[in-house]
Amino acid sequence: MHTSLPDFEMPNEEQVHLAAETFRMLGDPTRIKVLWALLQGESSVACLAELAGAAPTAVSQHLAKLRLAGLVKGRREGTFVYYSAADEHVRRLLKQALFHADHIDRNIPDESATAAAP
């Protein structure tokens, strides 16, 4: 049925796996807070821990996972590591997730759904 649609495409297995892993990484409130803080600029573990309201060791573990998932990057300066969001894709992904959450929280209908309604 779908294969008869001219522009129908399914993502490949690797894309599906990586997208699922990205969403899994965003499935933790502390990680979302840490990523949001990093979208404001580069930061250290201690600063991120304070902003996220979490222990520095926990934030460090979250950052390690986010780095392995390609969502953050680190820059070493002496004995300190400063973290930042990996790229603009992370910003757009997180902003869309929070925008969606805000719409659910405020029960705001999707504009595309209302535009398509008769």
# chains A, B, ... in the order shown; residues from 1 in each chain; ligands from 1

$ select_by_dssp --residues "chain A" --states "helix (DSSP H, G or I)" --output "VMD selection string"
chain A and resid 2 to 4 13 to 25 29 to 40 45 to 52 56 to 68 88 to 105 111 to 116

$ closest_residue --among "A:His62, A:Ala49, A:Ser43, A:Pro6" --to "Asp28 of chain A" --atoms "only C-alpha atoms"
A:His62

$ residues_around --residues "segment 84-86 of chain A" --least-positions-apart "3" --cutoff "6 Å" --atoms "only C-alpha atoms" --output "JSON, numbers by chain"
{"A": [38, 39, 42, 71, 72, 73]}

$ write_last_selection --atoms "all heavy atoms" --output "tab-separated table (two decimals), in the first residue's frame"
chain	number	residue	atom	x	y	z
A	38	LEU	N	23.68	23.99	27.98
A	38	LEU	CA	24.78	24.02	27.01
A	38	LEU	C	24.40	24.77	25.74
A	38	LEU	O	25.28	25.29	25.04
A	38	LEU	CB	25.22	22.59	26.67
A	38	LEU	CG	25.92	21.86	27.81
A	38	LEU	CD1	26.22	20.42	27.42
A	38	LEU	CD2	27.20	22.59	28.23
A	39	LEU	N	23.12	24.85	25.45
A	39	LEU	CA	22.70	25.63	24.29
A	39	LEU	C	22.88	27.12	24.54
A	39	LEU	O	22.91	27.90	23.59
A	39	LEU	CB	21.25	25.31	23.93
A	39	LEU	CG	21.03	23.91	23.37
A	39	LEU	CD1	19.54	23.63	23.20
A	39	LEU	CD2	21.76	23.71	22.05
A	42	GLU	N	29.07	27.35	26.42
A	42	GLU	CA	29.99	26.37	26.98
A	42	GLU	C	29.95	26.43	28.51
A	42	GLU	O	29.79	27.50	29.09
A	42	GLU	CB	31.39	26.73	26.47
A	42	GLU	CG	32.44	25.71	26.70
A	42	GLU	CD	33.74	26.12	26.05
A	42	GLU	OE1	34.34	27.12	26.50
A	42	GLU	OE2	34.15	25.44	25.11
A	71	LEU	N	25.80	14.19	21.09
A	71	LEU	CA	24.95	15.35	21.37
A	71	LEU	C	25.73	16.50	22.03
A	71	LEU	O	25.29	17.65	21.96
A	71	LEU	CB	23.77	14.95	22.25
A	71	LEU	CG	22.81	13.95	21.61
A	71	LEU	CD1	21.79	13.46	22.62
A	71	LEU	CD2	22.12	14.57	20.41
A	72	VAL	N	26.84	16.19	22.67
A	72	VAL	CA	27.70	17.23	23.25
A	72	VAL	C	29.14	16.96	22.87
A	72	VAL	O	29.51	15.85	22.47
A	72	VAL	CB	27.56	17.32	24.80
A	72	VAL	CG1	26.15	17.61	25.23
A	72	VAL	CG2	28.11	16.10	25.48
A	73	LYS	N	29.95	17.99	23.01
A	73	LYS	CA	31.39	17.84	22.78
A	73	LYS	C	32.12	18.53	23.92
A	73	LYS	O	31.56	19.42	24.59
A	73	LYS	CB	31.80	18.41	21.42
A	73	LYS	CG	31.44	19.85	21.20
A	73	LYS	CD	31.74	20.29	19.79
A	73	LYS	CE	31.27	21.73	19.59
A	73	LYS	NZ	31.50	22.20	18.24

$ select_by_dssp --residues "segment 13-118 of chain A" --states "strand (DSSP E)" --output "MDAnalysis selection string"
chainID A and resid 72:77 80:85

$ write_last_selection --atoms "N, CA and C atoms" --output "PDB file, in the first residue's frame"
ATOM      1  N   VAL A  72      26.839  16.190  22.671  1.00  0.00           N
ATOM      2  CA  VAL A  72      27.696  17.227  23.253  1.00  0.00           C
ATOM      3  C   VAL A  72      29.143  16.955  22.869  1.00  0.00           C
ATOM      4  N   LYS A  73      29.947  17.992  23.010  1.00  0.00           N
ATOM      5  CA  LYS A  73      31.387  17.840  22.777  1.00  0.00           C
ATOM      6  C   LYS A  73      32.118  18.529  23.923  1.00  0.00           C
ATOM      7  N   GLY A  74      33.337  18.092  24.162  1.00  0.00           N
ATOM      8  CA  GLY A  74      34.134  18.652  25.237  1.00  0.00           C
ATOM      9  C   GLY A  74      35.392  19.302  24.716  1.00  0.00           C
ATOM     10  N   ARG A  75      35.836  20.321  25.455  1.00  0.00           N
ATOM     11  CA  ARG A  75      37.087  21.012  25.128  1.00  0.00           C
ATOM     12  C   ARG A  75      37.916  21.069  26.403  1.00  0.00           C
ATOM     13  N   ARG A  76      39.092  20.473  26.345  1.00  0.00           N
ATOM     14  CA  ARG A  76      39.962  20.436  27.528  1.00  0.00           C
ATOM     15  C   ARG A  76      40.806  21.699  27.594  1.00  0.00           C
ATOM     16  N   GLU A  77      40.847  22.258  28.817  1.00  0.00           N
ATOM     17  CA  GLU A  77      41.704  23.411  29.080  1.00  0.00           C
ATOM     18  C   GLU A  77      42.408  23.148  30.403  1.00  0.00           C
ATOM     19  N   PHE A  80      40.590  21.123  33.328  1.00  0.00           N
ATOM     20  CA  PHE A  80      39.143  21.289  33.194  1.00  0.00           C
ATOM     21  C   PHE A  80      38.666  20.904  31.799  1.00  0.00           C
ATOM     22  N   VAL A  81      37.439  20.420  31.747  1.00  0.00           N
ATOM     23  CA  VAL A  81      36.784  20.155  30.470  1.00  0.00           C
ATOM     24  C   VAL A  81      35.551  21.041  30.412  1.00  0.00           C
ATOM     25  N   TYR A  82      35.408  21.748  29.318  1.00  0.00           N
ATOM     26  CA  TYR A  82      34.248  22.598  29.094  1.00  0.00           C
ATOM     27  C   TYR A  82      33.402  21.954  28.003  1.00  0.00           C
ATOM     28  N   TYR A  83      32.131  21.853  28.278  1.00  0.00           N
ATOM     29  CA  TYR A  83      31.221  21.168  27.367  1.00  0.00           C
ATOM     30  C   TYR A  83      30.363  22.167  26.608  1.00  0.00           C
ATOM     31  N   SER A  84      29.935  21.736  25.420  1.00  0.00           N
ATOM     32  CA  SER A  84      29.006  22.530  24.607  1.00  0.00           C
ATOM     33  C   SER A  84      28.132  21.567  23.804  1.00  0.00           C
ATOM     34  N   ALA A  85      27.020  22.085  23.311  1.00  0.00           N
ATOM     35  CA  ALA A  85      26.157  21.278  22.442  1.00  0.00           C
ATOM     36  C   ALA A  85      26.929  20.969  21.165  1.00  0.00           C
TER      37      ALA A  85
END

$ closest_residue --among "A:Arg31, A:Arg67, A:His100, A:His2" --to "Asp87 of chain A" --atoms "only C-alpha atoms"
A:Arg67

$ atom_distance --atom1 "atom CA of Val34 of chain A" --atom2 "atom CA of Leu48 of chain A"
6.1 Å

$ closest_residue --among "A:Ala101, A:Leu94, A:Leu35, A:Leu68" --to "Leu18 of chain A" --atoms "only C-alpha atoms"
A:Leu68

$ closest_residue --among "A:Leu51, A:Val45, A:Met25, A:Ala37" --to "Leu66 of chain A" --atoms "only C-alpha atoms"
A:Met25

$ atom_distance --atom1 "atom CA of Phe23 of chain A" --atom2 "atom CA of Ala69 of chain A"
10.2 Å

$ decode --residues "segment 96-107 of chain A" --atoms "all heavy atoms" --output "PDB file, in the first residue's frame"
ATOM      1  N   GLN A  96      12.358  21.863  19.611  1.00  0.00           N
ATOM      2  CA  GLN A  96      11.114  21.254  19.140  1.00  0.00           C
ATOM      3  C   GLN A  96      10.481  20.385  20.222  1.00  0.00           C
ATOM      4  O   GLN A  96       9.260  20.409  20.401  1.00  0.00           O
ATOM      5  CB  GLN A  96      11.360  20.418  17.878  1.00  0.00           C
ATOM      6  CG  GLN A  96      11.471  21.247  16.620  1.00  0.00           C
ATOM      7  CD  GLN A  96      10.167  21.967  16.310  1.00  0.00           C
ATOM      8  OE1 GLN A  96       9.093  21.403  16.357  1.00  0.00           O
ATOM      9  NE2 GLN A  96      10.284  23.248  16.002  1.00  0.00           N
ATOM     10  N   ALA A  97      11.295  19.637  20.952  1.00  0.00           N
ATOM     11  CA  ALA A  97      10.767  18.791  22.029  1.00  0.00           C
ATOM     12  C   ALA A  97      10.125  19.643  23.115  1.00  0.00           C
ATOM     13  O   ALA A  97       9.022  19.334  23.599  1.00  0.00           O
ATOM     14  CB  ALA A  97      11.884  17.934  22.614  1.00  0.00           C
ATOM     15  N   LEU A  98      10.777  20.735  23.490  1.00  0.00           N
ATOM     16  CA  LEU A  98      10.221  21.615  24.524  1.00  0.00           C
ATOM     17  C   LEU A  98       9.001  22.370  24.008  1.00  0.00           C
ATOM     18  O   LEU A  98       8.039  22.593  24.752  1.00  0.00           O
ATOM     19  CB  LEU A  98      11.296  22.571  25.031  1.00  0.00           C
ATOM     20  CG  LEU A  98      12.415  21.884  25.826  1.00  0.00           C
ATOM     21  CD1 LEU A  98      13.570  22.841  26.069  1.00  0.00           C
ATOM     22  CD2 LEU A  98      11.886  21.315  27.124  1.00  0.00           C
ATOM     23  N   PHE A  99       9.010  22.758  22.747  1.00  0.00           N
ATOM     24  CA  PHE A  99       7.862  23.420  22.128  1.00  0.00           C
ATOM     25  C   PHE A  99       6.659  22.474  22.143  1.00  0.00           C
ATOM     26  O   PHE A  99       5.543  22.850  22.492  1.00  0.00           O
ATOM     27  CB  PHE A  99       8.227  23.823  20.698  1.00  0.00           C
ATOM     28  CG  PHE A  99       7.151  24.544  19.954  1.00  0.00           C
ATOM     29  CD1 PHE A  99       6.856  25.870  20.215  1.00  0.00           C
ATOM     30  CD2 PHE A  99       6.433  23.895  18.956  1.00  0.00           C
ATOM     31  CE1 PHE A  99       5.867  26.546  19.510  1.00  0.00           C
ATOM     32  CE2 PHE A  99       5.440  24.561  18.248  1.00  0.00           C
ATOM     33  CZ  PHE A  99       5.162  25.889  18.526  1.00  0.00           C
ATOM     34  N   HIS A 100       6.912  21.224  21.793  1.00  0.00           N
ATOM     35  CA  HIS A 100       5.856  20.214  21.797  1.00  0.00           C
ATOM     36  C   HIS A 100       5.326  20.006  23.223  1.00  0.00           C
ATOM     37  O   HIS A 100       4.115  19.940  23.441  1.00  0.00           O
ATOM     38  CB  HIS A 100       6.385  18.903  21.220  1.00  0.00           C
ATOM     39  CG  HIS A 100       5.375  17.812  21.186  1.00  0.00           C
ATOM     40  ND1 HIS A 100       4.292  17.818  20.348  1.00  0.00           N
ATOM     41  CD2 HIS A 100       5.277  16.672  21.918  1.00  0.00           C
ATOM     42  CE1 HIS A 100       3.565  16.733  20.553  1.00  0.00           C
ATOM     43  NE2 HIS A 100       4.151  16.018  21.508  1.00  0.00           N
ATOM     44  N   ALA A 101       6.230  19.915  24.191  1.00  0.00           N
ATOM     45  CA  ALA A 101       5.827  19.740  25.591  1.00  0.00           C
ATOM     46  C   ALA A 101       4.982  20.918  26.064  1.00  0.00           C
ATOM     47  O   ALA A 101       3.984  20.737  26.775  1.00  0.00           O
ATOM     48  CB  ALA A 101       7.062  19.592  26.475  1.00  0.00           C
ATOM     49  N   ASP A 102       5.346  22.120  25.658  1.00  0.00           N
ATOM     50  CA  ASP A 102       4.585  23.314  26.031  1.00  0.00           C
ATOM     51  C   ASP A 102       3.176  23.255  25.448  1.00  0.00           C
ATOM     52  O   ASP A 102       2.199  23.603  26.116  1.00  0.00           O
ATOM     53  CB  ASP A 102       5.312  24.569  25.550  1.00  0.00           C
ATOM     54  CG  ASP A 102       4.687  25.843  26.071  1.00  0.00           C
ATOM     55  OD1 ASP A 102       4.367  25.892  27.275  1.00  0.00           O
ATOM     56  OD2 ASP A 102       4.517  26.788  25.283  1.00  0.00           O
ATOM     57  N   HIS A 103       3.055  22.792  24.216  1.00  0.00           N
ATOM     58  CA  HIS A 103       1.738  22.683  23.587  1.00  0.00           C
ATOM     59  C   HIS A 103       0.877  21.628  24.273  1.00  0.00           C
ATOM     60  O   HIS A 103      -0.321  21.812  24.449  1.00  0.00           O
ATOM     61  CB  HIS A 103       1.871  22.383  22.095  1.00  0.00           C
ATOM     62  CG  HIS A 103       2.081  23.607  21.279  1.00  0.00           C
ATOM     63  ND1 HIS A 103       3.220  24.362  21.371  1.00  0.00           N
ATOM     64  CD2 HIS A 103       1.287  24.229  20.390  1.00  0.00           C
ATOM     65  CE1 HIS A 103       3.118  25.396  20.553  1.00  0.00           C
ATOM     66  NE2 HIS A 103       1.958  25.344  19.950  1.00  0.00           N
ATOM     67  N   ILE A 104       1.481  20.534  24.659  1.00  0.00           N
ATOM     68  CA  ILE A 104       0.738  19.500  25.385  1.00  0.00           C
ATOM     69  C   ILE A 104       0.304  20.044  26.743  1.00  0.00           C
ATOM     70  O   ILE A 104      -0.847  19.882  27.151  1.00  0.00           O
ATOM     71  CB  ILE A 104       1.604  18.227  25.561  1.00  0.00           C
ATOM     72  CG1 ILE A 104       1.803  17.542  24.219  1.00  0.00           C
ATOM     73  CG2 ILE A 104       0.960  17.270  26.561  1.00  0.00           C
ATOM     74  CD1 ILE A 104       2.805  16.418  24.259  1.00  0.00           C
ATOM     75  N   ASP A 105       1.232  20.710  27.433  1.00  0.00           N
ATOM     76  CA  ASP A 105       0.955  21.236  28.762  1.00  0.00           C
ATOM     77  C   ASP A 105      -0.184  22.266  28.735  1.00  0.00           C
ATOM     78  O   ASP A 105      -1.018  22.308  29.619  1.00  0.00           O
ATOM     79  CB  ASP A 105       2.226  21.876  29.333  1.00  0.00           C
ATOM     80  CG  ASP A 105       2.058  22.348  30.761  1.00  0.00           C
ATOM     81  OD1 ASP A 105       1.511  21.575  31.566  1.00  0.00           O
ATOM     82  OD2 ASP A 105       2.475  23.475  31.065  1.00  0.00           O
ATOM     83  N   ARG A 106      -0.203  23.084  27.704  1.00  0.00           N
ATOM     84  CA  ARG A 106      -1.231  24.132  27.598  1.00  0.00           C
ATOM     85  C   ARG A 106      -2.420  23.718  26.742  1.00  0.00           C
ATOM     86  O   ARG A 106      -3.295  24.518  26.478  1.00  0.00           O
ATOM     87  CB  ARG A 106      -0.597  25.399  27.036  1.00  0.00           C
ATOM     88  CG  ARG A 106       0.447  25.968  27.974  1.00  0.00           C
ATOM     89  CD  ARG A 106       0.626  27.431  27.777  1.00  0.00           C
ATOM     90  NE  ARG A 106       1.861  27.743  27.088  1.00  0.00           N
ATOM     91  CZ  ARG A 106       2.003  28.799  26.315  1.00  0.00           C
ATOM     92  NH1 ARG A 106       1.022  29.604  26.084  1.00  0.00           N
ATOM     93  NH2 ARG A 106       3.162  29.055  25.754  1.00  0.00           N
ATOM     94  N   ASN A 107      -2.400  22.452  26.274  1.00  0.00           N
ATOM     95  CA  ASN A 107      -3.489  21.917  25.449  1.00  0.00           C
ATOM     96  C   ASN A 107      -3.736  22.782  24.211  1.00  0.00           C
ATOM     97  O   ASN A 107      -4.875  23.095  23.853  1.00  0.00           O
ATOM     98  CB  ASN A 107      -4.776  21.749  26.261  1.00  0.00           C
ATOM     99  CG  ASN A 107      -5.718  20.768  25.626  1.00  0.00           C
ATOM    100  OD1 ASN A 107      -5.306  19.925  24.840  1.00  0.00           O
ATOM    101  ND2 ASN A 107      -6.984  20.873  25.967  1.00  0.00           N
TER     102      ASN A 107
END
